[in-house]
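*Asks:* This is input24.pdb, which holds PDB, C-alpha atoms and all ligand atoms:
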ATOM      1  CA  MET A   1     136.456  77.552  96.427  1.00  0.00           C
ATOM      2  CA  ALA A   2     135.943  75.007  93.668  1.00  0.00           C
ATOM      3  CA  ILE A   3     138.607  74.024  91.167  1.00  0.00           C
ATOM      4  CA  GLU A   4     136.989  74.494  87.761  1.00  0.00           C
ATOM      5  CA  GLN A   5     138.014  74.386  84.121  1.00  0.00           C
ATOM      6  CA  THR A   6     136.852  76.923  81.570  1.00  0.00           C
ATOM      7  CA  LEU A   7     137.340  77.407  77.841  1.00  0.00           C
ATOM      8  CA  SER A   8     139.112  80.571  76.743  1.00  0.00           C
ATOM      9  CA  ILE A   9     139.608  81.719  73.168  1.00  0.00           C
ATOM     10  CA  ILE A  10     141.955  84.552  72.250  1.00  0.00           C
ATOM     11  CA  LYS A  11     140.099  85.803  69.190  1.00  0.00           C
ATOM     12  CA  PRO A  12     141.445  86.863  65.757  1.00  0.00           C
ATOM     13  CA  ASP A  13     141.521  90.587  66.640  1.00  0.00           C
ATOM     14  CA  ALA A  14     143.760  90.043  69.680  1.00  0.00           C
ATOM     15  CA  VAL A  15     145.976  87.519  67.860  1.00  0.00           C
ATOM     16  CA  ALA A  16     146.407  90.110  65.068  1.00  0.00           C
ATOM     17  CA  LYS A  17     147.439  92.706  67.684  1.00  0.00           C
ATOM     18  CA  ASN A  18     150.126  90.278  68.895  1.00  0.00           C
ATOM     19  CA  VAL A  19     148.955  90.368  72.516  1.00  0.00           C
ATOM     20  CA  ILE A  20     148.587  86.608  73.137  1.00  0.00           C
ATOM     21  CA  GLY A  21     151.348  86.707  75.750  1.00  0.00           C
ATOM     22  CA  GLU A  22     149.951  89.740  77.546  1.00  0.00           C
ATOM     23  CA  ILE A  23     146.529  88.101  77.799  1.00  0.00           C
ATOM     24  CA  LEU A  24     147.924  84.777  79.026  1.00  0.00           C
ATOM     25  CA  THR A  25     149.944  86.702  81.621  1.00  0.00           C
ATOM     26  CA  ARG A  26     146.726  88.140  83.021  1.00  0.00           C
ATOM     27  CA  PHE A  27     145.283  84.654  83.431  1.00  0.00           C
ATOM     28  CA  GLU A  28     148.447  83.393  85.096  1.00  0.00           C
ATOM     29  CA  LYS A  29     148.779  86.409  87.408  1.00  0.00           C
ATOM     30  CA  ALA A  30     145.184  85.794  88.549  1.00  0.00           C
ATOM     31  CA  GLY A  31     146.069  82.216  89.517  1.00  0.00           C
ATOM     32  CA  LEU A  32     144.609  80.432  86.489  1.00  0.00           C
ATOM     33  CA  ARG A  33     146.732  77.684  84.928  1.00  0.00           C
ATOM     34  CA  VAL A  34     146.777  76.809  81.210  1.00  0.00           C
ATOM     35  CA  VAL A  35     146.150  73.034  81.072  1.00  0.00           C
ATOM     36  CA  ALA A  36     145.626  72.814  77.291  1.00  0.00           C
ATOM     37  CA  ALA A  37     146.249  75.174  74.375  1.00  0.00           C
ATOM     38  CA  LYS A  38     146.202  75.097  70.587  1.00  0.00           C
ATOM     39  CA  MET A  39     146.389  77.675  67.851  1.00  0.00           C
ATOM     40  CA  GLN A  40     144.096  77.125  64.906  1.00  0.00           C
ATOM     41  CA  ARG A  41     142.179  78.876  62.202  1.00  0.00           C
ATOM     42  CA  LEU A  42     138.524  78.021  62.705  1.00  0.00           C
ATOM     43  CA  SER A  43     136.589  76.987  59.634  1.00  0.00           C
ATOM     44  CA  ARG A  44     133.245  78.759  59.168  1.00  0.00           C
ATOM     45  CA  GLU A  45     131.586  75.431  60.063  1.00  0.00           C
ATOM     46  CA  LYS A  46     133.515  75.100  63.327  1.00  0.00           C
ATOM     47  CA  ALA A  47     132.826  78.740  64.302  1.00  0.00           C
ATOM     48  CA  ALA A  48     129.109  78.208  63.541  1.00  0.00           C
ATOM     49  CA  GLU A  49     129.060  75.002  65.592  1.00  0.00           C
ATOM     50  CA  PHE A  50     130.763  76.713  68.527  1.00  0.00           C
ATOM     51  CA  TYR A  51     128.324  79.633  68.512  1.00  0.00           C
ATOM     52  CA  ASP A  52     125.281  77.524  67.639  1.00  0.00           C
ATOM     53  CA  ILE A  53     123.392  78.997  70.624  1.00  0.00           C
ATOM     54  CA  HIS A  54     123.475  82.380  68.819  1.00  0.00           C
ATOM     55  CA  LYS A  55     122.398  81.099  65.385  1.00  0.00           C
ATOM     56  CA  ALA A  56     119.088  82.963  65.414  1.00  0.00           C
ATOM     57  CA  ARG A  57     120.695  86.277  66.402  1.00  0.00           C
ATOM     58  CA  PRO A  58     121.085  89.016  63.791  1.00  0.00           C
ATOM     59  CA  PHE A  59     124.834  89.218  64.410  1.00  0.00           C
ATOM     60  CA  PHE A  60     125.457  85.483  63.852  1.00  0.00           C
ATOM     61  CA  GLY A  61     126.797  85.766  60.274  1.00  0.00           C
ATOM     62  CA  GLU A  62     129.131  88.589  61.287  1.00  0.00           C
ATOM     63  CA  LEU A  63     130.309  86.576  64.309  1.00  0.00           C
ATOM     64  CA  VAL A  64     131.109  83.527  62.162  1.00  0.00           C
ATOM     65  CA  ASP A  65     132.958  85.739  59.620  1.00  0.00           C
ATOM     66  CA  PHE A  66     134.988  87.343  62.406  1.00  0.00           C
ATOM     67  CA  MET A  67     135.846  84.138  64.258  1.00  0.00           C
ATOM     68  CA  SER A  68     137.061  82.471  61.056  1.00  0.00           C
ATOM     69  CA  SER A  69     138.957  85.562  59.815  1.00  0.00           C
ATOM     70  CA  GLY A  70     142.330  84.564  61.306  1.00  0.00           C
ATOM     71  CA  PRO A  71     143.946  82.238  63.822  1.00  0.00           C
ATOM     72  CA  VAL A  72     142.770  81.951  67.406  1.00  0.00           C
ATOM     73  CA  LEU A  73     144.421  80.519  70.520  1.00  0.00           C
ATOM     74  CA  VAL A  74     142.069  78.110  72.272  1.00  0.00           C
ATOM     75  CA  GLN A  75     142.919  77.178  75.844  1.00  0.00           C
ATOM     76  CA  VAL A  76     141.560  75.353  78.847  1.00  0.00           C
ATOM     77  CA  LEU A  77     142.173  77.357  82.012  1.00  0.00           C
ATOM     78  CA  GLU A  78     141.988  75.728  85.410  1.00  0.00           C
ATOM     79  CA  GLY A  79     141.815  77.169  88.911  1.00  0.00           C
ATOM     80  CA  ASP A  80     139.598  78.258  91.792  1.00  0.00           C
ATOM     81  CA  ASN A  81     136.308  79.498  90.359  1.00  0.00           C
ATOM     82  CA  ALA A  82     137.911  79.573  86.913  1.00  0.00           C
ATOM     83  CA  VAL A  83     134.647  80.343  85.080  1.00  0.00           C
ATOM     84  CA  SER A  84     133.782  83.511  86.992  1.00  0.00           C
ATOM     85  CA  LYS A  85     137.406  84.558  87.489  1.00  0.00           C
ATOM     86  CA  ASN A  86     137.990  84.447  83.729  1.00  0.00           C
ATOM     87  CA  ARG A  87     134.826  86.443  83.076  1.00  0.00           C
ATOM     88  CA  GLU A  88     135.917  89.110  85.568  1.00  0.00           C
ATOM     89  CA  LEU A  89     139.302  89.349  83.863  1.00  0.00           C
ATOM     90  CA  MET A  90     137.635  89.657  80.410  1.00  0.00           C
ATOM     91  CA  GLY A  91     135.196  92.452  81.320  1.00  0.00           C
ATOM     92  CA  ALA A  92     131.813  93.234  79.755  1.00  0.00           C
ATOM     93  CA  THR A  93     130.994  91.703  76.363  1.00  0.00           C
ATOM     94  CA  PHE A  94     131.124  95.013  74.525  1.00  0.00           C
ATOM     95  CA  PRO A  95     134.510  96.705  74.814  1.00  0.00           C
ATOM     96  CA  LYS A  96     132.938 100.141  75.297  1.00  0.00           C
ATOM     97  CA  ASN A  97     131.244  98.840  78.474  1.00  0.00           C
ATOM     98  CA  ALA A  98     134.275  96.980  79.843  1.00  0.00           C
ATOM     99  CA  ALA A  99     135.677  98.241  83.151  1.00  0.00           C
ATOM    100  CA  PRO A 100     139.169  99.749  83.117  1.00  0.00           C
ATOM    101  CA  GLY A 101     141.875  97.161  83.660  1.00  0.00           C
ATOM    102  CA  THR A 102     139.927  94.332  82.077  1.00  0.00           C
ATOM    103  CA  ILE A 103     141.194  92.542  78.967  1.00  0.00           C
ATOM    104  CA  ARG A 104     138.456  93.935  76.752  1.00  0.00           C
ATOM    105  CA  ALA A 105     139.029  97.491  77.977  1.00  0.00           C
ATOM    106  CA  ASP A 106     142.764  97.245  77.460  1.00  0.00           C
ATOM    107  CA  PHE A 107     143.037  95.328  74.178  1.00  0.00           C
ATOM    108  CA  CYS A 108     139.940  96.321  72.152  1.00  0.00           C
ATOM    109  CA  ASP A 109     138.870  99.454  70.353  1.00  0.00           C
ATOM    110  CA  PRO A 110     135.849 100.852  72.269  1.00  0.00           C
ATOM    111  CA  ASN A 111     134.659 102.515  69.068  1.00  0.00           C
ATOM    112  CA  GLY A 112     135.230  99.466  66.889  1.00  0.00           C
ATOM    113  CA  ASP A 113     132.977  96.574  65.998  1.00  0.00           C
ATOM    114  CA  PRO A 114     131.397  95.503  69.315  1.00  0.00           C
ATOM    115  CA  GLY A 115     131.763  91.818  68.436  1.00  0.00           C
ATOM    116  CA  GLU A 116     135.561  92.159  68.115  1.00  0.00           C
ATOM    117  CA  ASN A 117     136.094  91.698  71.823  1.00  0.00           C
ATOM    118  CA  ALA A 118     139.479  89.921  72.041  1.00  0.00           C
ATOM    119  CA  VAL A 119     138.458  86.942  74.167  1.00  0.00           C
ATOM    120  CA  HIS A 120     135.754  84.374  74.746  1.00  0.00           C
ATOM    121  CA  GLY A 121     135.175  82.684  78.093  1.00  0.00           C
ATOM    122  CA  SER A 122     132.598  80.049  79.030  1.00  0.00           C
ATOM    123  CA  ASP A 123     129.670  81.443  81.030  1.00  0.00           C
ATOM    124  CA  SER A 124     128.962  78.408  83.248  1.00  0.00           C
ATOM    125  CA  VAL A 125     130.660  75.219  84.399  1.00  0.00           C
ATOM    126  CA  GLU A 126     128.262  73.162  82.295  1.00  0.00           C
ATOM    127  CA  ASN A 127     128.869  75.202  79.134  1.00  0.00           C
ATOM    128  CA  ALA A 128     132.607  75.058  79.838  1.00  0.00           C
ATOM    129  CA  ARG A 129     132.454  71.269  79.845  1.00  0.00           C
ATOM    130  CA  ASN A 130     130.655  71.222  76.484  1.00  0.00           C
ATOM    131  CA  GLU A 131     132.872  73.905  74.913  1.00  0.00           C
ATOM    132  CA  ILE A 132     136.065  72.148  76.057  1.00  0.00           C
ATOM    133  CA  LYS A 133     134.836  68.923  74.419  1.00  0.00           C
ATOM    134  CA  LEU A 134     134.410  70.752  71.101  1.00  0.00           C
ATOM    135  CA  PHE A 135     138.139  71.523  70.996  1.00  0.00           C
ATOM    136  CA  PHE A 136     140.065  69.070  73.143  1.00  0.00           C
ATOM    137  CA  LYS A 137     140.230  65.323  73.662  1.00  0.00           C
ATOM    138  CA  THR A 138     140.563  64.248  77.298  1.00  0.00           C
ATOM    139  CA  GLU A 139     144.183  63.236  76.734  1.00  0.00           C
ATOM    140  CA  GLU A 140     145.059  66.710  75.416  1.00  0.00           C
ATOM    141  CA  ILE A 141     144.313  68.254  78.821  1.00  0.00           C
ATOM    142  CA  CYS A 142     147.419  68.143  80.962  1.00  0.00           C
ATOM    143  CA  ALA A 143     147.195  67.791  84.732  1.00  0.00           C
ATOM    144  CA  ARG A 144     149.514  70.306  86.385  1.00  0.00           C
ATOM    145  CA  THR A 145     151.379  67.909  88.611  1.00  0.00           C
ATOM    146  CA  ARG A 146     154.221  70.320  89.429  1.00  0.00           C
TER     147      ARG A 146
HETATM  148  P1  LIG B 201     131.470  85.962  73.280  1.00  0.00           P
HETATM  149  O1  LIG B 201     131.696  86.182  74.738  1.00  0.00           O
HETATM  150  O2  LIG B 201     132.442  85.116  72.560  1.00  0.00           O
HETATM  151  O3  LIG B 201     129.996  85.378  73.053  1.00  0.00           O
HETATM  152  C1  LIG B 201     129.239  85.610  71.896  1.00  0.00           C
HETATM  153  C2  LIG B 201     129.896  86.604  70.981  1.00  0.00           C
HETATM  154  O4  LIG B 201     129.029  87.209  70.051  1.00  0.00           O
HETATM  155  C3  LIG B 201     130.391  87.786  71.816  1.00  0.00           C
HETATM  156  O5  LIG B 201     131.487  87.404  72.596  1.00  0.00           O
HETATM  157  C4  LIG B 201     130.657  88.802  70.732  1.00  0.00           C
HETATM  158  O6  LIG B 201     131.880  88.547  70.061  1.00  0.00           O
HETATM  159  C5  LIG B 201     129.499  88.514  69.777  1.00  0.00           C
HETATM  160  N1  LIG B 201     128.352  89.426  69.962  1.00  0.00           N
HETATM  161  C6  LIG B 201     127.478  89.430  70.972  1.00  0.00           C
HETATM  162  N2  LIG B 201     126.530  90.388  70.779  1.00  0.00           N
HETATM  163  C7  LIG B 201     126.826  90.985  69.608  1.00  0.00           C
HETATM  164  C8  LIG B 201     126.237  92.043  68.861  1.00  0.00           C
HETATM  165  N3  LIG B 201     125.105  92.658  69.277  1.00  0.00           N
HETATM  166  N4  LIG B 201     126.810  92.403  67.713  1.00  0.00           N
HETATM  167  C9  LIG B 201     127.915  91.752  67.271  1.00  0.00           C
HETATM  168  N5  LIG B 201     128.524  90.727  67.932  1.00  0.00           N
HETATM  169  C10 LIG B 201     127.988  90.369  69.094  1.00  0.00           C
END
Could you render the structure as structure tokens?
Ligand code: CMP
*Replies:*
Amino acid sequence: MAIEQTLSIIKPDAVAKNVIGEILTRFEKAGLRVVAAKMQRLSREKAAEFYDIHKARPFFGELVDFMSSGPVLVQVLEGDNAVSKNRELMGATFPKNAAPGTIRADFCDPNGDPGENAVHGSDSVENARNEIKLFFKTEEICARTR
């Protein structure tokens, strides 16, 4: 087992549903620790920078609109295999495909906009490192010493 850090974003749809606590509880119950967190409303520029990898995709404009439509909670999660553990907890990208018991199955509308999927999680350790840097300075990440 490797101790990893991953970037998690609780997206505007889940913040609007007032389920921040329920989602964080899932991370904590799975053994992930929050080592940094901030609530913010992303500007369109920041959302576009974050999702730059998708800029050529047809859904990019919609994604930027959605991610800047309300506040998000951005966190760094740490723990054994944090990247893959977080992705298992989130479930498939599209809520209608997410397995029962996953965050996206439980907190999204399966018949709603497929991009409104409650959470983002980094897909590799390398991307996690880059995504974390976009939101947090080194000194904003708190070692869990107790
Ligand atoms: P996320 O895991 O944050 O990574 C990229 C995001 O783009 C994804 O979650 C969805 O919110 C969104 N997305 C991916 N594919 C589509 C699509 N076909 N239509 C709309 N949004 C999408």
*Asks:* Would you name the residues within 10 Å of ligand LIG 201 (chain B), counting all atoms listed in the file, and put them as a PyMOL selection string?
*Replies:* chain A and resi 8-11+50-54+57-64+66-67+87+90-95+113-123
*Asks:* Which neighbours of A:Val83 fall inside 9 Å, counting only C-alpha atoms, when residues of the same chain fewer than 4 positions from it are skipped, and could you give them as a VMD selection string?
*Replies:* chain A and resid 4 to 7 77 to 79 87 to 88 121 to 125 128
*Asks:* One decimal, Å: what's the distance from atom CA of A:Pro71 over to atom CA of A:Gln40, could you say?
*Replies:*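 These atoms are spaced 5.2 Å apart.
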*Asks:* If we count all atoms listed in the file, what is near stretch 21-36 of chain A at a cut-off of 9 Å, once residues fewer than 3 positions away on the same chain are taken out, given as a PyMOL selection string?
*Replies:* chain A and resi 5+10+14+18+74-80+82+85-86+89+103+107+119+136+140-144
*Asks:* Rank A:Ala37, A:Leu134, A:Ile20, A:Lys96 by their smallest atom-to-atom distance to A:Cys108, using only C-alpha atoms, and report the top residue only.
*Replies:*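 The shortest atom-to-atom distance to A:Cys108 comes from A:Lys96.
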*Asks:* Separation of atom CA of A:Glu45 and atom CA of A:Val15, in Å?
*Replies:*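 If I compute the distance from atom CA of A:Glu45 to atom CA of A:Val15, I get 20.3 Å.
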